[in-house]
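Data block for data_32.tsv (TSV, C-alpha atoms and all ligand atoms):
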chain	number	residue	atom	x	y	z
A	1	MET	CA	27.98	13.09	16.24
A	2	ASN	CA	26.96	10.40	18.69
A	3	LEU	CA	23.43	9.13	19.39
A	4	THR	CA	22.81	11.61	22.23
A	5	GLN	CA	23.88	14.57	20.09
A	6	ILE	CA	21.77	13.50	17.12
A	7	VAL	CA	18.71	12.99	19.34
A	8	GLU	CA	19.21	16.46	20.82
A	9	SER	CA	19.68	18.19	17.47
A	10	GLU	CA	16.70	16.36	15.93
A	11	SER	CA	14.51	17.49	18.80
A	12	GLU	CA	15.76	21.04	18.29
A	13	TYR	CA	15.34	21.23	14.51
A	14	LEU	CA	12.72	18.70	13.44
A	15	PHE	CA	8.98	18.17	13.84
A	16	SER	CA	8.30	15.78	16.70
A	17	ASN	CA	5.97	13.54	14.65
A	18	TYR	CA	8.06	10.35	14.93
A	19	LYS	CA	8.73	8.25	18.02
A	20	LYS	CA	12.10	6.76	17.14
A	21	TYR	CA	13.97	3.85	18.68
A	22	PRO	CA	17.45	4.57	20.09
A	23	LEU	CA	19.41	3.27	17.13
A	24	PHE	CA	21.82	5.42	15.12
A	25	VAL	CA	22.40	3.47	11.93
A	26	GLN	CA	25.62	3.99	10.04
A	27	LYS	CA	25.47	1.28	7.41
A	28	GLY	CA	23.99	-2.05	6.46
A	29	ARG	CA	25.08	-5.24	4.77
A	30	LYS	CA	22.80	-8.14	3.82
A	31	CYS	CA	20.39	-8.39	6.81
A	32	LEU	CA	22.70	-6.63	9.24
A	33	LEU	CA	22.66	-3.01	10.39
A	34	TYR	CA	25.67	-1.41	12.07
A	35	ASP	CA	25.53	1.54	14.45
A	36	TYR	CA	28.24	4.15	14.88
A	37	GLU	CA	29.94	2.14	17.62
A	38	GLY	CA	30.27	-0.85	15.33
A	39	GLN	CA	27.52	-2.80	17.15
A	40	ARG	CA	25.56	-5.02	14.72
A	41	TYR	CA	21.87	-5.79	14.61
A	42	VAL	CA	19.87	-8.30	12.61
A	43	ASP	CA	17.10	-6.41	10.83
A	44	PHE	CA	13.54	-7.76	11.01
A	45	VAL	CA	11.89	-4.50	9.88
A	46	SER	CA	13.55	-3.74	6.48
A	47	GLY	CA	12.82	-0.01	6.69
A	48	ILE	CA	9.13	-1.01	7.06
A	49	ALA	CA	8.97	-3.65	4.32
A	50	VAL	CA	11.14	-1.71	1.87
A	51	ASN	CA	14.63	-3.25	1.93
A	52	ALA	CA	13.52	-6.59	0.54
A	53	LEU	CA	17.00	-7.49	-0.68
A	54	GLY	CA	18.70	-6.29	2.49
A	55	TYR	CA	21.52	-3.78	2.35
A	56	ASN	CA	24.35	-3.28	-0.11
A	57	HIS	CA	23.13	-5.89	-2.57
A	58	PRO	CA	25.94	-6.15	-5.19
A	59	ARG	CA	23.62	-6.29	-8.21
A	60	ILE	CA	21.58	-3.35	-6.98
A	61	ASN	CA	24.70	-1.32	-6.18
A	62	ASN	CA	25.95	-2.01	-9.66
A	63	VAL	CA	22.71	-0.81	-11.25
A	64	ILE	CA	22.80	2.37	-9.13
A	65	ARG	CA	26.39	3.08	-10.19
A	66	LYS	CA	25.60	2.54	-13.87
A	67	GLN	CA	22.45	4.67	-13.88
A	68	LEU	CA	24.03	7.51	-11.88
A	69	LYS	CA	26.50	8.00	-14.68
A	70	LYS	CA	23.63	8.32	-17.16
A	71	LEU	CA	20.50	10.03	-15.86
A	72	LEU	CA	18.85	10.68	-12.50
A	73	HIS	CA	15.70	12.61	-13.40
A	74	ILE	CA	13.95	13.64	-16.60
A	75	SER	CA	10.24	14.16	-15.59
A	76	ASN	CA	7.27	12.70	-17.42
A	77	LEU	CA	7.58	15.16	-20.29
A	78	PHE	CA	10.15	12.88	-21.91
A	79	TYR	CA	10.95	9.21	-22.44
A	80	HIS	CA	13.46	6.86	-20.78
A	81	PRO	CA	13.41	3.07	-21.13
A	82	TYR	CA	12.84	1.95	-17.55
A	83	GLN	CA	9.18	2.82	-16.95
A	84	ALA	CA	8.04	0.53	-19.75
A	85	LEU	CA	10.54	-2.19	-18.82
A	86	LEU	CA	9.39	-2.20	-15.18
A	87	ALA	CA	5.72	-1.93	-16.17
A	88	LYS	CA	6.05	-4.97	-18.45
A	89	LYS	CA	7.53	-7.01	-15.60
A	90	LEU	CA	4.83	-5.90	-13.14
A	91	LEU	CA	2.07	-6.71	-15.61
A	92	GLU	CA	3.67	-10.09	-16.31
A	93	ILE	CA	3.60	-11.11	-12.62
A	94	SER	CA	0.22	-9.56	-11.80
A	95	GLY	CA	-1.83	-10.29	-14.91
A	96	MET	CA	-2.82	-6.61	-15.11
A	97	GLU	CA	-2.68	-4.56	-18.31
A	98	LYS	CA	-1.45	-1.04	-17.56
A	99	ALA	CA	0.79	0.64	-15.01
A	100	PHE	CA	1.14	4.14	-13.57
A	101	PHE	CA	4.12	5.18	-11.43
A	102	CYS	CA	4.22	7.59	-8.50
A	103	ASN	CA	6.43	8.16	-5.46
A	104	SER	CA	4.86	6.41	-2.49
A	105	GLY	CA	2.14	4.16	-1.19
A	106	THR	CA	-0.18	6.96	-0.24
A	107	GLU	CA	0.18	8.47	-3.73
A	108	ALA	CA	-0.73	5.13	-5.29
A	109	ILE	CA	-3.83	5.08	-3.08
A	110	GLU	CA	-4.79	8.64	-4.06
A	111	ALA	CA	-4.45	7.72	-7.72
A	112	SER	CA	-6.62	4.63	-7.22
A	113	PHE	CA	-9.41	6.70	-5.60
A	114	LYS	CA	-9.32	9.26	-8.40
A	115	LEU	CA	-9.35	6.41	-10.91
A	116	ALA	CA	-12.40	4.78	-9.28
A	117	ARG	CA	-14.45	7.97	-9.09
A	118	GLY	CA	-13.29	9.11	-12.53
A	119	TYR	CA	-14.17	5.73	-14.06
A	120	ALA	CA	-17.75	5.86	-12.76
A	121	TYR	CA	-18.06	9.47	-13.95
A	122	LYS	CA	-16.58	8.88	-17.40
A	123	ASN	CA	-18.71	5.80	-18.01
A	124	LYS	CA	-21.88	7.48	-16.67
A	125	LEU	CA	-22.46	4.68	-14.18
A	126	GLY	CA	-24.78	6.84	-12.07
A	127	GLU	CA	-24.88	10.43	-10.89
A	128	ASP	CA	-24.00	9.76	-7.25
A	129	LYS	CA	-21.74	6.81	-7.88
A	130	ASN	CA	-18.76	8.19	-5.97
A	131	GLN	CA	-18.88	6.52	-2.55
A	132	ILE	CA	-15.96	4.36	-1.42
A	133	LEU	CA	-15.99	1.50	1.09
A	134	THR	CA	-12.97	0.75	3.22
A	135	LEU	CA	-12.28	-1.49	6.23
A	136	ASP	CA	-12.46	-0.33	9.80
A	137	ASN	CA	-8.92	-1.36	10.79
A	138	ALA	CA	-7.29	-0.29	7.53
A	139	PHE	CA	-4.20	1.79	6.88
A	140	HIS	CA	-3.76	3.33	3.44
A	141	GLY	CA	-1.52	6.33	4.11
A	142	ARG	CA	-1.48	9.87	5.44
A	143	THR	CA	-2.72	12.21	2.71
A	144	TYR	CA	-6.30	13.49	2.79
A	145	GLY	CA	-7.82	10.79	0.62
A	146	ALA	CA	-5.92	8.01	2.33
A	147	LEU	CA	-6.68	9.47	5.76
A	148	SER	CA	-10.36	9.70	4.84
A	149	ALA	CA	-10.21	5.95	4.20
A	150	THR	CA	-8.85	5.40	7.73
A	151	ALA	CA	-11.52	4.74	10.34
A	152	ASN	CA	-9.51	5.47	13.49
A	153	GLU	CA	-10.97	8.67	15.01
A	154	THR	CA	-7.68	9.57	16.74
A	155	TYR	CA	-6.07	10.09	13.34
A	156	ARG	CA	-9.11	11.70	11.69
A	157	GLU	CA	-10.53	14.11	14.23
A	158	PRO	CA	-7.76	16.75	14.38
A	159	PHE	CA	-7.75	17.14	10.59
A	160	ALA	CA	-11.46	17.41	9.83
A	161	PRO	CA	-13.15	18.04	7.49
A	162	LEU	CA	-11.92	15.05	5.53
A	163	VAL	CA	-12.77	13.97	1.99
A	164	PRO	CA	-16.48	13.00	1.95
A	165	GLY	CA	-17.88	9.73	0.68
A	166	PHE	CA	-15.98	7.08	2.65
A	167	HIS	CA	-17.80	4.38	4.64
A	168	PHE	CA	-16.36	1.73	6.91
A	169	VAL	CA	-17.01	-2.00	6.88
A	170	LYS	CA	-15.94	-4.43	9.61
A	171	GLN	CA	-13.20	-6.69	8.29
A	172	ASN	CA	-14.50	-10.20	7.50
A	173	ASP	CA	-18.09	-9.26	8.45
A	174	ILE	CA	-20.00	-10.30	5.33
A	175	GLN	CA	-23.32	-9.03	6.58
A	176	ASP	CA	-21.89	-5.58	7.25
A	177	LEU	CA	-20.35	-5.60	3.76
A	178	GLN	CA	-23.63	-6.59	2.12
A	179	THR	CA	-25.59	-3.99	4.10
A	180	LYS	CA	-23.26	-1.15	3.15
A	181	PHE	CA	-22.93	-2.04	-0.55
A	182	ASN	CA	-25.30	-0.27	-2.95
A	183	ASP	CA	-25.32	1.32	-6.40
A	184	LYS	CA	-23.67	4.51	-5.12
A	185	ILE	CA	-20.51	2.62	-4.26
A	186	CYS	CA	-17.86	3.13	-6.95
A	187	ALA	CA	-15.11	1.13	-5.18
A	188	ILE	CA	-14.07	-0.84	-2.16
A	189	VAL	CA	-10.46	-0.57	-1.10
A	190	LEU	CA	-8.90	-3.17	1.16
A	191	GLU	CA	-5.60	-4.70	2.19
A	192	PRO	CA	-6.14	-8.44	1.61
A	193	ILE	CA	-3.83	-8.84	4.61
A	194	GLN	CA	-3.74	-5.77	6.83
A	195	GLY	CA	-0.26	-4.60	7.80
A	196	GLU	CA	-0.25	-1.57	10.12
A	197	GLY	CA	-3.54	-2.80	11.58
A	198	GLY	CA	-1.72	-5.79	13.13
A	199	ILE	CA	-1.31	-8.41	10.33
A	200	HIS	CA	-4.95	-9.40	9.94
A	201	PRO	CA	-5.82	-11.40	6.80
A	202	CYS	CA	-9.18	-11.08	5.07
A	203	THR	CA	-10.98	-14.39	4.82
A	204	GLU	CA	-11.48	-16.04	1.42
A	205	GLU	CA	-15.25	-15.77	1.80
A	206	PHE	CA	-15.10	-12.05	2.57
A	207	LEU	CA	-12.92	-11.38	-0.46
A	208	GLN	CA	-15.21	-13.49	-2.64
A	209	VAL	CA	-18.28	-11.57	-1.52
A	210	ALA	CA	-16.45	-8.24	-2.09
A	211	ARG	CA	-15.59	-9.38	-5.64
A	212	LYS	CA	-19.17	-10.48	-6.31
A	213	LEU	CA	-20.73	-7.27	-4.96
A	214	CYS	CA	-18.33	-5.17	-7.06
A	215	ASP	CA	-19.39	-7.07	-10.16
A	216	GLN	CA	-23.09	-6.76	-9.32
A	217	HIS	CA	-22.88	-3.01	-8.65
A	218	GLN	CA	-20.32	-2.05	-11.33
A	219	ALA	CA	-17.91	-1.01	-8.59
A	220	LEU	CA	-14.14	-1.49	-8.62
A	221	LEU	CA	-12.25	-3.76	-6.25
A	222	ILE	CA	-9.03	-2.08	-5.13
A	223	PHE	CA	-6.43	-4.23	-3.39
A	224	ASP	CA	-3.81	-2.30	-1.46
A	225	GLU	CA	-0.79	-4.61	-1.54
A	226	ILE	CA	1.64	-1.84	-0.73
A	227	GLN	CA	2.93	-3.83	2.25
A	228	SER	CA	1.99	-7.38	1.29
A	229	GLY	CA	2.88	-7.29	-2.41
A	230	LEU	CA	5.97	-8.13	-4.45
A	231	GLY	CA	6.90	-11.39	-2.74
A	232	ARG	CA	6.46	-10.48	0.92
A	233	THR	CA	3.90	-13.21	1.70
A	234	GLY	CA	5.61	-15.95	-0.29
A	235	ARG	CA	3.65	-15.10	-3.45
A	236	TYR	CA	4.10	-12.20	-5.81
A	237	PHE	CA	0.79	-10.91	-4.45
A	238	TYR	CA	-1.32	-12.09	-1.54
A	239	PHE	CA	-4.45	-12.08	-3.74
A	240	GLU	CA	-3.05	-15.12	-5.58
A	241	LYS	CA	-3.80	-17.22	-2.49
A	242	TYR	CA	-7.52	-17.37	-3.32
A	243	GLY	CA	-7.35	-16.41	-6.97
A	244	ILE	CA	-9.60	-13.41	-6.32
A	245	ARG	CA	-8.44	-10.68	-8.63
A	246	PRO	CA	-8.75	-6.93	-8.06
A	247	ASP	CA	-9.59	-4.32	-10.69
A	248	ILE	CA	-6.90	-2.01	-9.32
A	249	LEU	CA	-3.75	-3.00	-7.46
A	250	THR	CA	-1.61	-0.51	-5.52
A	251	LEU	CA	2.08	-1.18	-4.83
A	252	ALA	CA	5.01	0.69	-3.28
A	253	LYS	CA	7.34	-0.17	-0.34
A	254	PRO	CA	9.97	-2.54	-1.83
A	255	LEU	CA	9.32	-1.57	-5.46
A	256	GLY	CA	12.14	1.00	-5.61
A	257	LEU	CA	14.30	-0.88	-3.08
A	258	GLY	CA	14.74	2.25	-0.97
A	259	LEU	CA	14.07	4.89	-3.59
A	260	PRO	CA	10.55	6.35	-3.47
A	261	LEU	CA	8.44	4.48	-6.01
A	262	GLY	CA	4.78	3.49	-6.05
A	263	SER	CA	2.59	2.01	-8.73
A	264	VAL	CA	-1.04	1.50	-9.70
A	265	LEU	CA	-1.84	-1.47	-11.94
A	266	THR	CA	-5.18	-1.96	-13.63
A	267	SER	CA	-6.94	-2.95	-16.85
A	268	ALA	CA	-6.56	-1.04	-20.12
A	269	THR	CA	-10.20	0.08	-19.93
A	270	ILE	CA	-9.93	1.47	-16.40
A	271	SER	CA	-6.57	3.11	-17.14
A	272	ASP	CA	-8.23	5.05	-19.98
A	273	THR	CA	-9.99	7.12	-17.30
A	274	PHE	CA	-6.83	9.19	-17.01
A	275	GLY	CA	-6.35	11.02	-20.29
A	276	PRO	CA	-3.43	13.46	-20.58
A	277	GLY	CA	-3.57	16.03	-17.80
A	278	TYR	CA	-5.91	14.12	-15.48
A	279	HIS	CA	-3.20	12.81	-13.19
A	280	GLY	CA	0.57	13.00	-12.94
A	281	THR	CA	3.71	13.64	-10.94
A	282	THR	CA	7.06	15.38	-11.36
A	283	PHE	CA	9.24	12.71	-9.81
A	284	GLY	CA	7.19	9.51	-10.20
A	285	GLY	CA	8.67	6.83	-12.41
A	286	GLY	CA	12.17	8.31	-12.59
A	287	PRO	CA	14.90	6.38	-14.43
A	288	LEU	CA	16.91	5.33	-11.38
A	289	ALA	CA	13.94	4.17	-9.28
A	290	CYS	CA	12.37	2.30	-12.22
A	291	ARG	CA	15.64	0.67	-13.19
A	292	LEU	CA	16.02	-0.54	-9.59
A	293	GLY	CA	12.46	-1.84	-9.64
A	294	PHE	CA	13.15	-3.65	-12.91
A	295	GLU	CA	16.25	-5.32	-11.45
A	296	PHE	CA	14.28	-6.22	-8.30
A	297	ILE	CA	11.54	-8.02	-10.21
A	298	LYS	CA	14.16	-9.83	-12.32
A	299	ILE	CA	15.77	-11.09	-9.09
A	300	LEU	CA	12.37	-12.16	-7.71
A	301	GLN	CA	11.78	-14.18	-10.87
A	302	GLU	CA	15.07	-16.05	-10.58
A	303	ASP	CA	15.91	-19.25	-8.71
A	304	ASN	CA	12.59	-19.87	-6.98
A	305	PHE	CA	13.12	-16.73	-4.96
A	306	VAL	CA	9.46	-16.27	-4.01
A	307	GLN	CA	9.11	-19.96	-3.08
A	308	GLN	CA	12.06	-19.54	-0.71
A	309	ILE	CA	10.23	-16.69	1.04
A	310	LYS	CA	7.29	-19.01	1.56
A	311	GLU	CA	9.51	-21.75	3.02
A	312	LYS	CA	11.28	-19.35	5.37
A	313	GLY	CA	7.84	-18.10	6.44
A	314	VAL	CA	6.71	-21.62	7.35
A	315	PHE	CA	9.91	-22.16	9.38
A	316	PHE	CA	9.53	-18.77	11.14
A	317	THR	CA	5.83	-19.37	11.89
A	318	GLN	CA	6.54	-22.76	13.45
A	319	LYS	CA	9.10	-21.16	15.75
A	320	LEU	CA	6.67	-18.39	16.74
A	321	ILE	CA	3.97	-20.97	17.46
A	322	MET	CA	6.41	-22.66	19.86
A	323	LEU	CA	6.65	-19.36	21.75
A	324	LYS	CA	2.87	-19.11	21.82
A	325	GLU	CA	2.60	-22.60	23.29
A	326	LYS	CA	5.17	-21.77	25.94
A	327	TYR	CA	3.98	-18.33	27.07
A	328	PRO	CA	0.33	-17.65	27.95
A	329	PHE	CA	0.75	-13.93	27.28
A	330	VAL	CA	1.41	-14.71	23.59
A	331	VAL	CA	-2.16	-14.82	22.31
A	332	ASP	CA	-1.78	-15.17	18.57
A	333	VAL	CA	0.61	-15.81	15.70
A	334	ARG	CA	-0.52	-14.40	12.34
A	335	GLY	CA	0.63	-13.75	8.82
A	336	GLU	CA	2.33	-15.49	5.94
A	337	GLY	CA	5.72	-15.61	4.33
A	338	LEU	CA	7.88	-12.89	5.82
A	339	MET	CA	4.96	-10.74	6.99
A	340	LEU	CA	4.37	-12.16	10.44
A	341	ALA	CA	3.09	-11.07	13.83
A	342	LEU	CA	2.95	-12.22	17.36
A	343	GLU	CA	0.26	-10.66	19.54
A	344	LEU	CA	0.87	-10.08	23.24
A	345	THR	CA	-1.55	-9.32	26.07
A	346	PHE	CA	0.52	-6.23	26.96
A	347	PRO	CA	2.22	-3.34	25.08
A	348	GLY	CA	5.21	-4.59	23.12
A	349	ARG	CA	7.47	-1.54	23.01
A	350	GLU	CA	9.61	-2.69	25.93
A	351	ILE	CA	10.11	-6.08	24.21
A	352	VAL	CA	11.24	-4.21	21.08
A	353	ASN	CA	13.74	-2.23	23.17
A	354	GLN	CA	15.09	-5.39	24.78
A	355	CYS	CA	15.47	-7.05	21.37
A	356	LEU	CA	17.43	-3.99	20.24
A	357	GLU	CA	19.76	-4.32	23.20
A	358	ALA	CA	20.26	-7.96	22.23
A	359	GLY	CA	21.07	-7.04	18.60
A	360	TYR	CA	17.69	-7.59	16.86
A	361	VAL	CA	15.57	-4.90	15.22
A	362	ILE	CA	11.85	-5.65	15.39
A	363	ASN	CA	8.80	-3.44	15.48
A	364	VAL	CA	5.46	-3.13	17.25
A	365	THR	CA	2.16	-2.13	15.68
A	366	THR	CA	-1.24	-1.45	17.29
A	367	ASP	CA	0.53	-1.39	20.66
A	368	THR	CA	0.51	-5.12	21.41
A	369	VAL	CA	1.51	-6.75	18.10
A	370	LEU	CA	5.16	-7.56	17.47
A	371	ARG	CA	5.63	-7.39	13.72
A	372	PHE	CA	8.32	-9.09	11.65
A	373	LEU	CA	9.09	-7.87	8.11
A	374	PRO	CA	12.68	-9.02	7.49
A	375	PRO	CA	14.51	-8.75	4.17
A	376	TYR	CA	13.67	-11.68	1.89
A	377	ILE	CA	17.29	-12.82	2.16
A	378	ILE	CA	17.01	-13.46	5.90
A	379	THR	CA	18.52	-16.84	6.84
A	380	LYS	CA	16.98	-19.58	8.97
A	381	LYS	CA	19.92	-19.10	11.34
A	382	GLU	CA	19.03	-15.42	11.78
A	383	ILE	CA	15.36	-16.32	12.33
A	384	GLY	CA	16.41	-18.94	14.90
A	385	GLY	CA	18.59	-16.32	16.64
A	386	LEU	CA	15.70	-13.88	16.98
A	387	VAL	CA	13.32	-16.53	18.31
A	388	LYS	CA	15.90	-17.63	20.91
A	389	THR	CA	16.30	-14.00	21.97
A	390	LEU	CA	12.54	-13.56	22.26
A	391	ASP	CA	12.38	-16.77	24.29
A	392	LYS	CA	15.00	-15.40	26.68
A	393	ILE	CA	13.22	-12.04	27.01
A	394	PHE	CA	9.80	-13.69	27.46
A	395	SER	CA	11.14	-16.01	30.16
A	396	LYS	CA	11.78	-12.92	32.32
A	397	VAL	CA	8.36	-11.37	31.76
A	398	SER	CA	6.26	-11.51	34.90
A	399	ILE	CA	2.67	-10.86	34.02
A	400	THR	CA	-0.61	-12.27	35.26
A	401	THR	CA	-2.86	-13.02	32.31
A	501	LIG	N1	-0.94	1.18	2.30
A	501	LIG	C1	-0.40	0.26	3.12
A	501	LIG	C2	-1.00	-1.10	3.18
A	501	LIG	C3	0.72	0.57	3.89
A	501	LIG	O1	1.24	-0.36	4.69
A	501	LIG	C4	1.27	1.86	3.79
A	501	LIG	C5	2.44	2.24	4.60
A	501	LIG	O2	2.73	1.66	5.61
A	501	LIG	C6	0.69	2.78	2.91
A	501	LIG	C7	-0.42	2.40	2.18
A	501	LIG	C8	1.25	4.17	2.76
A	501	LIG	O3	2.48	4.09	2.10
A	501	LIG	P1	3.55	5.29	2.17
A	501	LIG	O4	4.03	5.35	3.58
A	501	LIG	O5	4.62	4.87	1.18
A	501	LIG	O6	2.85	6.52	1.74

Take the structure in the file and give it back as structure tokens.
Amino acid sequence: MNLTQIVESESEYLFSNYKKYPLFVQKGRKCLLYDYEGQRYVDFVSGIAVNALGYNHPRINNVIRKQLKKLLHISNLFYHPYQALLAKKLLEISGMEKAFFCNSGTEAIEASFKLARGYAYKNKLGEDKNQILTLDNAFHGRTYGALSATANETYREPFAPLVPGFHFVKQNDIQDLQTKFNDKICAIVLEPIQGEGGIHPCTEEFLQVARKLCDQHQALLIFDEIQSGLGRTGRYFYFEKYGIRPDILTLAKPLGLGLPLGSVLTSATISDTFGPGYHGTTFGGGPLACRLGFEFIKILQEDNFVQQIKEKGVFFTQKLIMLKEKYPFVVDVRGEGLMLALELTFPGREIVNQCLEAGYVINVTTDTVLRFLPPYIITKKEIGGLVKTLDKIFSKVSITT
């Protein structure tokens, strides 16, 4: 099949819920993707922050081969070694005490909401203590709980009624946060640096106040680091930047390096909320996905890997700032490590298409924000190549600002 045929058959047989770019990917190697005509592209999206080690990583391939010969799935009725091995690694880098595994980001979020409400219930923290605060520009996933924590009316309205008990706070607006916090709040969930919302970091002060209010009101602080966690921002977790620790941490995206795997990390006390039967999954925490996750964290811990992400991020940011200084329609450069964004005054989809034609895969979020989430193994040369391409494309943009 060629691209035209696949587009036609997808439109005939599949739901039309995705707006795809015209790229028919055959294979990948390191940070490069190859289409069916042999054309290569440098990848600055990583399957939306998943392929952190790029494509065809020899160590990962080796682990897959070994595990395939042993066991693919066993369910959570029985034991295999890799859940505990991966959990130990995750707890080591996060300072948390217990881990739960599921299949995706949105499932990790669902588990965290159940945990927060169940914790208040189990510990008799108050009859109506079941309300959850979330941020107005947040994205936590697509299931009912996660959608209920999404403020955007366009996404909510068609699917009403949603799960009750969610309230929205303006990001970095301390007064709004203080006004909306009370004893009925059992948790606040936030991305310390928002991803789908356009790469918007929470301020240190806002996070500090959230931590303090949670402590005062016996509420739980949930950090959604599904996109920002596991090295992406040049730290294992973005929360390390200010040393403000959550009670519950949700992870997914790169954890299974392309296999569906999510996780919830928390304290031993909070984890006790879920006794046998209270929460679970058929597929979550399977041997192959967990073994991949275990290998991934081992790689992150070797050779200053996370520090290198930080350094590449500084290099990349400097280059993006140069574009901002040169072009008035570039209004902002945001983010850290290899989670970066460049905001335009106009919709960015056409820029994404032109980058694709020039051999670079990038992405746009919230219409005007070009987002860069390359594999951690991206080289400075590849970053330089993308910025040169953007420079060339921008130089032909005629727009009155
Ligand atoms: N939370 C955040 C911060 C995300 O970025 C995403 C996905 O983009 C999710 C949750 C949902 O994850 P998933 O698509 O794996 O369900």

Practice prompt. Dump the neighbourhood of ligand LIG 501 (chain A) as a PyMOL selection string: all residues within 6 Å, distances computed on all atoms listed in the file.
Written response: chain A and resi 104-106+139-141+191+195-196+224-227+253

Pull the closest atom pair for each residue of region 11-80 of chain A that gets at most 7 Å from region 366-390 of chain A, along with the distance in Å to one decimal, counting all atoms listed in the file, ordering rows by chain and then ascending residue number, as JSON lines.
{"residue": "A:Cys31", "atom": "CA", "partner": "A:Ile378", "partner_atom": "CA", "distance": 6.2}
{"residue": "A:Asp43", "atom": "CA", "partner": "A:Pro374", "partner_atom": "CA", "distance": 6.1}
{"residue": "A:Phe44", "atom": "CA", "partner": "A:Pro374", "partner_atom": "CA", "distance": 3.8}
{"residue": "A:Val45", "atom": "CA", "partner": "A:Leu373", "partner_atom": "CA", "distance": 4.7}
{"residue": "A:Ser46", "atom": "CA", "partner": "A:Pro374", "partner_atom": "CA", "distance": 5.4}
{"residue": "A:Ile48", "atom": "CA", "partner": "A:Leu373", "partner_atom": "CA", "distance": 6.9}
{"residue": "A:Ala49", "atom": "CA", "partner": "A:Leu373", "partner_atom": "CA", "distance": 5.7}
{"residue": "A:Asn51", "atom": "CA", "partner": "A:Pro375", "partner_atom": "CA", "distance": 5.9}
{"residue": "A:Ala52", "atom": "CA", "partner": "A:Pro375", "partner_atom": "CA", "distance": 4.3}
{"residue": "A:Leu53", "atom": "CA", "partner": "A:Pro375", "partner_atom": "CA", "distance": 5.6}
{"residue": "A:Gly54", "atom": "CA", "partner": "A:Pro375", "partner_atom": "CA", "distance": 5.1}

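Distances here use only C-alpha atoms; by that measure, the residue among A:His57, A:Gln218, A:Gln318, A:Leu72 closest to Asn123 (chain A) is A:Gln218.
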
Fill in: Using all atoms listed in the file: which of A:Leu300, A:Val361, A:Leu220, A:Ala341 has the shortest distance to Tyr21 (chain A)
A:Val361

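Residue nearest Val189 (chain A) within the list A:Ala138, A:Thr233, A:Asn62, A:Asn152: A:Ala138 [criterion: smallest interatomic distance, all atoms listed in the file].
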
Just add N, CA and C atoms to region 143-156 of chain A and send it as a short mmCIF file (atom, residue, chain, number, x, y, z; two decimals), in the coordinates of the input.
data_model
loop_
_atom_site.label_atom_id
_atom_site.label_comp_id
_atom_site.auth_asym_id
_atom_site.auth_seq_id
_atom_site.Cartn_x
_atom_site.Cartn_y
_atom_site.Cartn_z
N THR A 143 -2.18 11.05 3.42
CA THR A 143 -2.72 12.21 2.71
C THR A 143 -4.23 12.26 2.92
N TYR A 144 -4.88 13.33 2.43
CA TYR A 144 -6.30 13.49 2.79
C TYR A 144 -7.20 12.36 2.32
N GLY A 145 -6.99 11.90 1.09
CA GLY A 145 -7.82 10.79 0.62
C GLY A 145 -7.56 9.54 1.43
N ALA A 146 -6.29 9.22 1.59
CA ALA A 146 -5.92 8.01 2.33
C ALA A 146 -6.38 8.11 3.78
N LEU A 147 -6.24 9.28 4.37
CA LEU A 147 -6.68 9.47 5.76
C LEU A 147 -8.20 9.34 5.87
N SER A 148 -8.90 9.80 4.84
CA SER A 148 -10.36 9.70 4.84
C SER A 148 -10.80 8.24 4.77
N ALA A 149 -9.91 7.39 4.27
CA ALA A 149 -10.21 5.95 4.20
C ALA A 149 -9.74 5.22 5.47
N THR A 150 -9.30 5.98 6.46
CA THR A 150 -8.85 5.40 7.73
C THR A 150 -9.92 5.65 8.78
N ALA A 151 -10.37 4.59 9.44
CA ALA A 151 -11.52 4.74 10.34
C ALA A 151 -11.15 5.34 11.70
N ASN A 152 -9.92 5.10 12.14
CA ASN A 152 -9.51 5.47 13.49
C ASN A 152 -9.70 6.98 13.77
N GLU A 153 -10.60 7.27 14.71
CA GLU A 153 -10.97 8.67 15.01
C GLU A 153 -9.78 9.50 15.52
N THR A 154 -8.85 8.84 16.21
CA THR A 154 -7.68 9.57 16.74
C THR A 154 -6.92 10.24 15.61
N TYR A 155 -6.80 9.52 14.48
CA TYR A 155 -6.07 10.09 13.34
C TYR A 155 -6.91 11.09 12.56
N ARG A 156 -8.23 10.89 12.56
CA ARG A 156 -9.11 11.70 11.69
C ARG A 156 -9.47 13.06 12.31
#
